[in-house]
Amino acid sequence: MYSEKVIDHFTNPRNVGEIENPDGVGQVGNPKCGDIMRITLNIENNIIKDIKFKTFGCGAAVATSSVVTEMVKGKTLEEALAITNAQVAEELGGLPETKMHCSNLAADAVHAAIKDYLKKQTKV
Amino acid sequence: MYSEKVIDHFTNPRNVGEIENPDGVGQVGNPKCGDIMRITLNIENNIIKDIKFKTFGCGAAVATSSVVTEMVKGKTLEEALAITNAQVAEELGGLPETKMHCSNLAADAVHAAIKDYLKKQTKV
Amino acid sequence: MKYIYLDHSATTPVDPEVAELMMKYYVEYYGNPSSVHYFGRQVKKALEEARSQVADFIGANVSEITFTSGGTEADNLAIQGAARAQAKKGKHLITTAIEHHAVLDTFKYLAKNGYELTVLPVDEDGLVSVEDVAKAIRPDTILISVMHANNEVGSIQPIAEIGKITREKGILFHVDAVQSLGKIPVNVQDLNVDLLTISSHKIYGPKGVGALYIRKGVKISPLVFGGSQERKMRSGTENAPGIIGFGKACELASQRMAEESKKLTKLRDMLIDGILTKIEHVKLNGPRGDKRLPNNVNVSIKYVEGESLLLSLDMLGIAASSGSACTSGSLDPSHVLLAMGLSHEVAHGSLRFSLGRQNTEEDINYVLQELPKIVDRLRAMSPLYAKANCQNS
Amino acid sequence: MKYIYLDHSATTPVDPEVAELMMKYYVEYYGNPSSVHYFGRQVKKALEEARSQVADFIGANVSEITFTSGGTEADNLAIQGAARAQAKKGKHLITTAIEHHAVLDTFKYLAKNGYELTVLPVDEDGLVSVEDVAKAIRPDTILISVMHANNEVGSIQPIAEIGKITREKGILFHVDAVQSLGKIPVNVQDLNVDLLTISSHKIYGPKGVGALYIRKGVKISPLVFGGSQERKMRSGTENAPGIIGFGKACELASQRMAEESKKLTKLRDMLIDGILTKIEHVKLNGPRGDKRLPNNVNVSIKYVEGESLLLSLDMLGIAASSGSACTSGSLDPSHVLLAMGLSHEVAHGSLRFSLGRQNTEEDINYVLQELPKIVDRLRAMSPLYAKANCQNS
Ligand SMILES: Cc1ncc(COP(=O)(O)O)c(C=O)c1O
Ligand SMILES: Cc1ncc(COP(=O)(O)O)c(C=O)c1O
């Protein structure tokens, strides 16, 4: 069902956790659907310096969360905002059809965290 | 499907043939239904002295024809007329349900032959 | 006693290779294909492999194959399903007089429940005319069903030509290919069909498995509701070992068909010629040559009844079948033979030999040696034969 | 890796004795049971023997057993068949919120096609109330369907009591006994049922076979038309090897049930108690004790999601199932758990272990050793758990 890469990220998720005093926080999904992803990140000079995730969800949800943190770490905000959920799925070697719409929200979570950061910036 | 006795009568039918100058002839069934039985018999002093059959039909039709000739040979006409199709089937150790109504006409054929004889008698 | 099986159109033995494979999925890889765990995933994979074996064999796409519990269910799904899905478009259905009961009885059920049915005749060889089909079409015709090859007399219908017409007119076309599969090429593209029924146990696969090909884009209503298996077209825990066996049987058939059909055609003609030569008052039912299935022999042996022929053959270890009413428990003989114009009594005396993989020339010779004796014996008992002889002399 | 199969409610392995018997009928005794010849008669006999094995196991008469392609088809035949046959009498149907999809979806289909449906609630243990059934009955009620034991949470329903009411009122009563068969006594007389569904692959028989018990005198309409097999209730060449396997599986189950259920009950309670003791924030779903199937364990493990639990167990060779939407591809979690009042997030974190013949104490100990670690790991990853912990502290 799942690709090896999905299983790898599910078994050894990268960047699990929560950054204390993050620059941005993004959370998507809701428990009714069975998937919640929470991204915290630190940004320095328009670059994602650190990123961590916490996820309640199925294997695909965990793996997409994990891999997206790898994909955007060290990237500029513009680069990170350009990454789509579909690209995340691709990076994992594809996802089962049934997982594509409900468990593939990791990029959205990152975008939400970046937007949270940008909003705070404009407020300051 | 068929009892051993049916198979025996089908394989070694008794009294097959046609009596020349019979005292009575009975034929029942029609080729549309797939079963025709023709009984010819000789009668002496109210007793069936000789009886033969010819049958176009399935295994049950052949076996009932054969066994009925054994059942009525040497019997009085009254005794022969009292024999039913159901008794013929019983004598064979039973017949498959689907054969009970369409292929179990041997007693009818004997009755028809006896009635043919009786009709001729009254005419004389 | 030696047993000679000549009833392959009724059912076939399961190929040992197929049976062995199935065994593994009964005992060892027994998971439910819907389960996410190891036991389920293994089976799911094999099931999808089987789907592609079946699809490949008939030139279809994997997503166009819906597995069912057999040919009968696939016929019902196609016909009830297409009729229900299109009820708003029209109510007129067309089929032929020589269809299998799985098709004919389903149409008759629909005809009693608000649909209108045209049943097309066949000629004396059991062939449907393309023109008749064209003429029967009405503006409200929603489904046409014509079998590929007939199960009793082996006649092969002009499916591709009919398919051209239905495609032009935009009418759904269902074909029952249960008897043709594995004997002559069955390709859904070449045949221009929208729905096609096949069955596993006629091609050395297990009983209780079949499939319906549903052309991409064609919408039909399901018969059975539940767990959403088979893309919701057929709910119920998949008969995975059966389906996997069916897949394997398709693969084997596709490898062997060309050679096997050549061999069967030879045996078939040997048997037909032998019977016609050795026995008087015999009629071959169905066409000769290319329009006949390679494995079908059907003869009417006049003045004797089919079941007593069968019974006599059976005592010698020869398994055949007949179009006699007596074998079905109904009063009327084969609807196929009657549709071809045979009289009731001649139809009652019909016999079908359907050849298969293991049959040999020796088998045929044995039949040709024994059948004439059986016929002689039964004719001697027959009141019809006596009369016929009198009339003849 | 050691594999531990704890998903017997999804499907079971075929008993080796059953598989061996089936093999004979695939390869050696392969005739069509409708054929009159030797090959057919042998199979016919075995098929009728299987029918009496099945009938005996549920206290029925042989003539009351109709074989189908599985539990799903039997449910559909019962419900669609009873509804159609009685359409003139009334249009009201009653069922419960925790039925299997094979029942629920069939009723929903009917409800969209002119029938009226009442769906009864259950209590927090997944039990239907007899009173609720009685109150839902209307003068035009024609069919009531309540499952014997639930497949997800193992709750055993008061069937005999409901049957008393339906019998008094002269309303047809269908019971899906797919999960109870072989685990607790299923007797159609004691249960007062008119129609009862069973399935082979849940009791160590083959997939693709089931049966519907139809009480003598009860008239329902067939779903599938054709060759008039199964007294016209289910046309199609019989899956003889499958049916013969099902018969054997019933015989074995009837011999082993008492002892086996005692063993399973012990393992079940060991697993339930172990989980509740070793893991925090866990809820047992379904009743304890006699009202629960001997082989069912269902727990909700809060703050984690079911599929990732399954996946983690699977990596250790443990096969279970979950009520998570993620395992079914739909968005909503188990309709059974929701009907019992669980919130979506708690339902998402549910896990079912269903025990079977080969399971041992060792298996249970292994699960109890590994599961807490898995839960810890996943909770550490869960944004819900963090919050919950903050709130708690
Ligand atoms: C032409 C044809 N259609 C349909 C069927 C029914 O298929 P099954 O036996 O798989 O139900 C058969 C065989 O009996 C057949 O010969
Ligand atoms: C309660 C219940 N009913 C019906 C079914 C369907 O039976 P089958 O899998 O044989 O189609 C199942 C099993 O999936 C079940 O658990």
# chains A, B, ... in the order shown; residues from 1 in each chain; ligands from 1
>>> residues_near_ligand(ligand="ligand 2", cutoff="10 Å", atoms="only C-alpha atoms and all ligand atoms", output="number ranges by chain")
C: 32, 225-227, 229, 235-239; D: 9-11, 68-76, 98-104, 147-152, 154, 175-180, 197-202, 206-211
>>> residues_around(residues="region 27-32 of chain A", least_positions_apart="3", cutoff="9 Å", atoms="only C-alpha atoms", output="PyMOL selection string")
(chain A and resi 35-40+56-57+102-103+105-106+108-110+112-113) or (chain D and resi 331-333+343-346+348+384)
>>> write_last_selection(atoms="N, CA, C and O atoms", output="compact mmCIF listing (two decimals), in the first residue's frame")
# COMPACT_ATOMS: atom_id res chain seq x y z
N ASP A 35 -7.16 13.67 10.96
CA ASP A 35 -5.80 14.14 10.66
C ASP A 35 -5.61 15.56 11.15
O ASP A 35 -6.34 16.47 10.75
N ILE A 36 -4.62 15.74 12.01
CA ILE A 36 -4.25 17.10 12.43
C ILE A 36 -2.74 17.23 12.35
O ILE A 36 -2.01 16.37 12.84
N MET A 37 -2.26 18.29 11.70
CA MET A 37 -0.82 18.53 11.62
C MET A 37 -0.52 19.91 12.19
O MET A 37 -1.20 20.87 11.87
N ARG A 38 0.55 19.95 13.00
CA ARG A 38 0.93 21.20 13.64
C ARG A 38 2.40 21.43 13.35
O ARG A 38 3.26 20.59 13.68
N ILE A 39 2.68 22.54 12.73
CA ILE A 39 4.05 22.88 12.34
C ILE A 39 4.50 24.10 13.16
O ILE A 39 3.75 25.07 13.27
N THR A 40 5.69 24.02 13.74
CA THR A 40 6.29 25.21 14.37
C THR A 40 7.61 25.48 13.67
O THR A 40 8.32 24.53 13.31
N PHE A 56 -1.36 14.08 14.42
CA PHE A 56 -2.32 13.04 14.77
C PHE A 56 -2.90 12.60 13.44
O PHE A 56 -3.51 13.41 12.73
N GLY A 57 -2.66 11.36 13.06
CA GLY A 57 -3.18 10.94 11.78
C GLY A 57 -2.59 9.63 11.33
O GLY A 57 -1.82 8.99 12.06
N CYS A 102 -7.27 13.50 1.96
CA CYS A 102 -7.50 13.78 3.37
C CYS A 102 -6.23 13.79 4.22
O CYS A 102 -6.18 14.44 5.25
N SER A 103 -5.20 13.09 3.81
CA SER A 103 -4.02 12.97 4.67
C SER A 103 -2.83 13.72 4.11
O SER A 103 -1.74 13.66 4.67
N LEU A 105 -1.76 17.01 3.73
CA LEU A 105 -1.98 18.42 4.05
C LEU A 105 -0.73 19.10 4.60
O LEU A 105 -0.79 20.22 5.10
N ALA A 106 0.40 18.39 4.51
CA ALA A 106 1.60 18.88 5.19
C ALA A 106 2.06 20.23 4.63
O ALA A 106 2.47 21.13 5.38
N ASP A 108 0.22 22.46 3.30
CA ASP A 108 -0.73 23.45 3.83
C ASP A 108 -0.32 23.89 5.24
O ASP A 108 -0.41 25.07 5.58
N ALA A 109 0.11 22.94 6.04
CA ALA A 109 0.50 23.27 7.42
C ALA A 109 1.71 24.19 7.43
O ALA A 109 1.78 25.16 8.21
N VAL A 110 2.67 23.91 6.56
CA VAL A 110 3.86 24.77 6.47
C VAL A 110 3.45 26.19 6.03
O VAL A 110 3.87 27.18 6.61
N ALA A 112 0.65 27.59 6.39
CA ALA A 112 -0.07 28.25 7.49
C ALA A 112 0.92 28.83 8.50
O ALA A 112 0.74 29.94 9.01
N ALA A 113 1.98 28.09 8.78
CA ALA A 113 2.97 28.56 9.75
C ALA A 113 3.71 29.79 9.22
O ALA A 113 3.98 30.75 9.96
N LEU D 331 -14.25 9.41 4.86
CA LEU D 331 -13.83 10.44 5.80
C LEU D 331 -14.30 10.16 7.22
O LEU D 331 -13.66 10.56 8.18
N ASP D 332 -15.43 9.47 7.32
CA ASP D 332 -15.99 9.24 8.65
C ASP D 332 -15.46 7.96 9.27
O ASP D 332 -15.36 6.94 8.59
N PRO D 333 -15.19 8.00 10.55
CA PRO D 333 -14.80 6.75 11.21
C PRO D 333 -16.00 5.83 11.38
O PRO D 333 -17.13 6.21 11.03
N SER D 343 -16.97 10.22 20.27
CA SER D 343 -16.65 11.38 19.46
C SER D 343 -15.82 10.93 18.27
O SER D 343 -15.25 9.84 18.27
N HIS D 344 -15.77 11.79 17.25
CA HIS D 344 -14.98 11.43 16.07
C HIS D 344 -13.54 11.12 16.43
O HIS D 344 -12.98 10.13 15.97
N GLU D 345 -12.92 11.97 17.26
CA GLU D 345 -11.49 11.72 17.48
C GLU D 345 -11.23 10.45 18.26
O GLU D 345 -10.28 9.75 17.98
N VAL D 346 -12.12 10.13 19.18
CA VAL D 346 -11.92 8.89 19.93
C VAL D 346 -12.18 7.68 19.02
O VAL D 346 -11.46 6.69 19.04
N HIS D 348 -11.66 7.55 15.90
CA HIS D 348 -10.52 7.42 15.00
C HIS D 348 -9.39 6.60 15.63
O HIS D 348 -8.58 6.02 14.91
N LEU D 384 -2.56 16.41 19.85
CA LEU D 384 -3.70 16.32 20.77
C LEU D 384 -3.25 15.92 22.16
O LEU D 384 -3.75 16.40 23.16
>>> closest_residue(among="D:Asp15, D:Val130, D:Ser228, D:Met315", to="ligand 1", atoms="only C-alpha atoms and all ligand atoms")
D:Ser228
>>> closest_residue(among="D:Val119, D:Val375, D:Leu311, D:Ile220", to="Asp105 (chain D)", atoms="only C-alpha atoms")
D:Val119
>>> residues_around(residues="Thr69 (chain B)", least_positions_apart="6", cutoff="10 Å", atoms="only C-alpha atoms", output="list in words")
Pro13, Arg14, Asn15, Val16, Ile39, Thr40, Leu41, Ile48, Asp50, Ile51, Lys52, Phe53, Ala80, Ala106, Ala107 and Val110 of chain B
>>> closest_atom_pairs(of="chain C", to="chain A", cutoff="12 Å", atoms="only C-alpha atoms", output="Markdown table")
| residue | atom | partner | partner_atom | distance |
| --- | --- | --- | --- | --- |
| C:Pro33 | CA | A:Met1 | CA | 11.1 |
| C:Ser34 | CA | A:Met1 | CA | 10.8 |
| C:Ser35 | CA | A:Met1 | CA | 10.3 |
| C:Val36 | CA | A:Met1 | CA | 7.6 |
| C:His37 | CA | A:Met1 | CA | 9.3 |
| C:Tyr38 | CA | A:Met1 | CA | 9.8 |
| C:Gly40 | CA | A:Met1 | CA | 10.0 |
| C:Arg41 | CA | A:Met1 | CA | 6.9 |
| C:Gln42 | CA | A:Met1 | CA | 9.8 |
| C:Val43 | CA | A:Met1 | CA | 11.6 |
| C:Lys44 | CA | A:Met1 | CA | 9.1 |
| C:Lys45 | CA | A:Met1 | CA | 9.1 |
>>> write_last_selection(atoms="C-alpha atoms", output="PDB file, in the first residue's frame")
ATOM      1  CA  PRO C  33      -7.675  -7.991   0.685  1.00  0.00           C
ATOM      2  CA  SER C  34      -9.295  -4.916   2.267  1.00  0.00           C
ATOM      3  CA  SER C  35      -7.091  -5.177   5.357  1.00  0.00           C
ATOM      4  CA  VAL C  36      -4.130  -2.830   5.661  1.00  0.00           C
ATOM      5  CA  HIS C  37      -1.840  -5.332   7.357  1.00  0.00           C
ATOM      6  CA  TYR C  38       0.660  -7.770   5.897  1.00  0.00           C
ATOM      7  CA  GLY C  40      -4.224  -8.324   3.570  1.00  0.00           C
ATOM      8  CA  ARG C  41      -1.645  -6.567   1.413  1.00  0.00           C
ATOM      9  CA  GLN C  42      -0.236  -9.803   0.046  1.00  0.00           C
ATOM     10  CA  VAL C  43      -3.649 -10.926  -1.094  1.00  0.00           C
ATOM     11  CA  LYS C  44      -4.551  -7.520  -2.475  1.00  0.00           C
ATOM     12  CA  LYS C  45      -1.477  -7.644  -4.667  1.00  0.00           C
TER      13      LYS C  45
END
>>> closest_residue(among="C:Tyr213, C:Tyr109, C:Phe246, C:Phe57", to="chain D", atoms="only C-alpha atoms")
C:Tyr109
